[in-house]
Amino acid sequence: MQSLIERQSAERTVTWTASTNSNELDVRGLAGLAIYLDASFTGSQLTFLGKVADATYKEIQDGGSAVTVTVTADKINVLPAELFGAFQQGKLVSDATETCTGKLLGAS
């Protein structure tokens, strides 16, 4: 008998309120991630924080450098899937102070 995994689209609202850090995002079970940033997003790059066991956020790095993705406002920007596989909560960090919203898009 063949067993197929059927995934459904999933969205999480991302908000920045006069800050570089977004709200806390529950990323459990999400795959194939992308983010839509509304037109009021002013930054050009995102880095990522993951929550560790002692409930503090730590910068996600690869090879000793922060994982950074170049993004564009009012577009859907693809995010590396491996960013969210190792933890349950995360935050997105803009290179500018933001007051805007977006949608984290994925499949669950």
# chains A, B, ... in the order shown; residues from 1 in each chain; ligands from 1
$ select_by_dssp --residues "range 1-51 of chain A" --states "strand (DSSP E or B)" --output "ChimeraX atom specification"
/A:9-21,25-26,31-37,45-51
$ write_last_selection --atoms "N, CA and C atoms" --output "PDB file, in the first residue's frame"
ATOM      1  N   SER A   9      -1.434  24.267   2.837  1.00  0.00           N
ATOM      2  CA  SER A   9      -0.753  25.553   2.987  1.00  0.00           C
ATOM      3  C   SER A   9      -1.007  26.102   4.390  1.00  0.00           C
ATOM      4  N   ALA A  10      -0.019  26.805   4.904  1.00  0.00           N
ATOM      5  CA  ALA A  10      -0.098  27.373   6.249  1.00  0.00           C
ATOM      6  C   ALA A  10       0.506  28.766   6.228  1.00  0.00           C
ATOM      7  N   GLU A  11      -0.068  29.665   7.005  1.00  0.00           N
ATOM      8  CA  GLU A  11       0.438  31.034   7.108  1.00  0.00           C
ATOM      9  C   GLU A  11       0.577  31.414   8.570  1.00  0.00           C
ATOM     10  N   ARG A  12       1.582  32.220   8.840  1.00  0.00           N
ATOM     11  CA  ARG A  12       1.766  32.831  10.156  1.00  0.00           C
ATOM     12  C   ARG A  12       1.951  34.325   9.924  1.00  0.00           C
ATOM     13  N   THR A  13       1.253  35.140  10.695  1.00  0.00           N
ATOM     14  CA  THR A  13       1.410  36.585  10.577  1.00  0.00           C
ATOM     15  C   THR A  13       2.709  37.008  11.246  1.00  0.00           C
ATOM     16  N   VAL A  14       3.459  37.835  10.543  1.00  0.00           N
ATOM     17  CA  VAL A  14       4.714  38.385  11.052  1.00  0.00           C
ATOM     18  C   VAL A  14       4.498  39.886  11.242  1.00  0.00           C
ATOM     19  N   THR A  15       4.856  40.395  12.409  1.00  0.00           N
ATOM     20  CA  THR A  15       4.714  41.830  12.650  1.00  0.00           C
ATOM     21  C   THR A  15       6.003  42.398  13.234  1.00  0.00           C
ATOM     22  N   TRP A  16       6.263  43.605  12.858  1.00  0.00           N
ATOM     23  CA  TRP A  16       7.324  44.400  13.456  1.00  0.00           C
ATOM     24  C   TRP A  16       6.657  45.672  13.970  1.00  0.00           C
ATOM     25  N   THR A  17       6.969  46.067  15.206  1.00  0.00           N
ATOM     26  CA  THR A  17       6.401  47.278  15.779  1.00  0.00           C
ATOM     27  C   THR A  17       7.546  48.147  16.260  1.00  0.00           C
ATOM     28  N   ALA A  18       7.991  49.050  15.388  1.00  0.00           N
ATOM     29  CA  ALA A  18       9.107  49.963  15.694  1.00  0.00           C
ATOM     30  C   ALA A  18      10.297  49.194  16.261  1.00  0.00           C
ATOM     31  N   SER A  19      10.667  48.129  15.573  1.00  0.00           N
ATOM     32  CA  SER A  19      11.740  47.260  16.039  1.00  0.00           C
ATOM     33  C   SER A  19      12.428  46.597  14.849  1.00  0.00           C
ATOM     34  N   THR A  20      13.615  46.060  15.081  1.00  0.00           N
ATOM     35  CA  THR A  20      14.265  45.247  14.055  1.00  0.00           C
ATOM     36  C   THR A  20      13.828  43.791  14.166  1.00  0.00           C
ATOM     37  N   ASN A  21      13.392  43.358  15.371  1.00  0.00           N
ATOM     38  CA  ASN A  21      12.961  41.976  15.586  1.00  0.00           C
ATOM     39  C   ASN A  21      11.456  41.834  15.375  1.00  0.00           C
ATOM     40  N   LEU A  25       7.439  33.651  16.319  1.00  0.00           N
ATOM     41  CA  LEU A  25       6.711  32.831  15.349  1.00  0.00           C
ATOM     42  C   LEU A  25       6.782  31.369  15.736  1.00  0.00           C
ATOM     43  N   ASP A  26       5.641  30.701  15.737  1.00  0.00           N
ATOM     44  CA  ASP A  26       5.589  29.263  15.942  1.00  0.00           C
ATOM     45  C   ASP A  26       5.837  28.620  14.583  1.00  0.00           C
ATOM     46  N   ALA A  31       7.144  23.601   6.417  1.00  0.00           N
ATOM     47  CA  ALA A  31       8.152  23.246   5.417  1.00  0.00           C
ATOM     48  C   ALA A  31       7.976  24.145   4.210  1.00  0.00           C
ATOM     49  N   GLY A  32       9.028  24.243   3.382  1.00  0.00           N
ATOM     50  CA  GLY A  32       8.948  25.031   2.154  1.00  0.00           C
ATOM     51  C   GLY A  32       8.640  26.489   2.412  1.00  0.00           C
ATOM     52  N   LEU A  33       9.410  27.133   3.260  1.00  0.00           N
ATOM     53  CA  LEU A  33       9.085  28.473   3.735  1.00  0.00           C
ATOM     54  C   LEU A  33       9.404  29.591   2.748  1.00  0.00           C
ATOM     55  N   ALA A  34       8.523  30.592   2.785  1.00  0.00           N
ATOM     56  CA  ALA A  34       8.719  31.854   2.074  1.00  0.00           C
ATOM     57  C   ALA A  34       8.101  32.931   2.953  1.00  0.00           C
ATOM     58  N   ILE A  35       8.413  34.184   2.666  1.00  0.00           N
ATOM     59  CA  ILE A  35       7.797  35.279   3.410  1.00  0.00           C
ATOM     60  C   ILE A  35       7.342  36.355   2.443  1.00  0.00           C
ATOM     61  N   TYR A  36       6.117  36.843   2.677  1.00  0.00           N
ATOM     62  CA  TYR A  36       5.629  38.017   1.963  1.00  0.00           C
ATOM     63  C   TYR A  36       5.784  39.190   2.921  1.00  0.00           C
ATOM     64  N   LEU A  37       6.419  40.259   2.461  1.00  0.00           N
ATOM     65  CA  LEU A  37       6.601  41.477   3.239  1.00  0.00           C
ATOM     66  C   LEU A  37       5.795  42.583   2.580  1.00  0.00           C
ATOM     67  N   GLN A  45      17.500  43.066   4.110  1.00  0.00           N
ATOM     68  CA  GLN A  45      18.028  41.761   4.506  1.00  0.00           C
ATOM     69  C   GLN A  45      17.363  41.287   5.797  1.00  0.00           C
ATOM     70  N   LEU A  46      17.229  39.971   5.904  1.00  0.00           N
ATOM     71  CA  LEU A  46      16.745  39.346   7.127  1.00  0.00           C
ATOM     72  C   LEU A  46      17.799  38.386   7.653  1.00  0.00           C
ATOM     73  N   THR A  47      17.947  38.378   8.965  1.00  0.00           N
ATOM     74  CA  THR A  47      18.678  37.323   9.645  1.00  0.00           C
ATOM     75  C   THR A  47      17.673  36.633  10.556  1.00  0.00           C
ATOM     76  N   PHE A  48      18.112  35.581  11.259  1.00  0.00           N
ATOM     77  CA  PHE A  48      17.158  34.717  11.930  1.00  0.00           C
ATOM     78  C   PHE A  48      17.613  34.365  13.331  1.00  0.00           C
ATOM     79  N   LEU A  49      16.632  34.311  14.255  1.00  0.00           N
ATOM     80  CA  LEU A  49      16.877  33.898  15.627  1.00  0.00           C
ATOM     81  C   LEU A  49      16.048  32.655  15.908  1.00  0.00           C
ATOM     82  N   GLY A  50      16.617  31.724  16.648  1.00  0.00           N
ATOM     83  CA  GLY A  50      15.893  30.544  17.093  1.00  0.00           C
ATOM     84  C   GLY A  50      15.936  30.467  18.604  1.00  0.00           C
ATOM     85  N   LYS A  51      14.855  29.951  19.193  1.00  0.00           N
ATOM     86  CA  LYS A  51      14.800  29.822  20.650  1.00  0.00           C
ATOM     87  C   LYS A  51      15.420  28.489  21.048  1.00  0.00           C
TER      88      LYS A  51
END
$ residues_around --residues "Asp38 in chain A" --least-positions-apart "4" --cutoff "6 Å" --atoms "only C-alpha atoms" --output "PyMOL selection string"
chain A and resi 73-74+102
$ residues_around --residues "Thr70 in chain A" --least-positions-apart "2" --cutoff "12 Å" --atoms "only C-alpha atoms" --output "PyMOL selection string"
chain A and resi 35+43-47+67-68+72-73+75-80+93-95
$ write_last_selection --atoms "C-alpha atoms" --output "PDB file, in the first residue's frame"
ATOM      1  CA  ILE A  35       7.797  35.279   3.410  1.00  0.00           C
ATOM      2  CA  GLY A  43      14.903  46.772   5.032  1.00  0.00           C
ATOM      3  CA  SER A  44      16.760  44.718   2.463  1.00  0.00           C
ATOM      4  CA  GLN A  45      18.028  41.761   4.506  1.00  0.00           C
ATOM      5  CA  LEU A  46      16.745  39.346   7.127  1.00  0.00           C
ATOM      6  CA  THR A  47      18.678  37.323   9.645  1.00  0.00           C
ATOM      7  CA  VAL A  67      22.432  33.285   7.924  1.00  0.00           C
ATOM      8  CA  THR A  68      21.259  36.271   5.859  1.00  0.00           C
ATOM      9  CA  THR A  72      12.277  42.787  -1.316  1.00  0.00           C
ATOM     10  CA  ALA A  73       9.111  44.465  -0.020  1.00  0.00           C
ATOM     11  CA  LYS A  75       7.228  40.347  -3.037  1.00  0.00           C
ATOM     12  CA  ILE A  76       7.242  36.723  -1.929  1.00  0.00           C
ATOM     13  CA  ASN A  77      10.787  35.909  -0.797  1.00  0.00           C
ATOM     14  CA  VAL A  78      11.984  32.298  -0.456  1.00  0.00           C
ATOM     15  CA  LEU A  79      13.633  31.341   2.839  1.00  0.00           C
ATOM     16  CA  PRO A  80      16.052  28.449   3.360  1.00  0.00           C
ATOM     17  CA  VAL A  93      15.465  40.309  12.210  1.00  0.00           C
ATOM     18  CA  SER A  94      15.447  43.149   9.681  1.00  0.00           C
ATOM     19  CA  ASP A  95      18.467  45.304   8.925  1.00  0.00           C
TER      20      ASP A  95
END
$ closest_residue --among "A:Ser22, A:Arg28, A:Ser40, A:Gln8" --to "Cys100 in chain A" --atoms "only C-alpha atoms"
A:Ser40
$ closest_residue --among "A:Gly64, A:Ala39, A:Val71, A:Gly106" --to "Leu92 in chain A" --atoms "only C-alpha atoms"
A:Val71
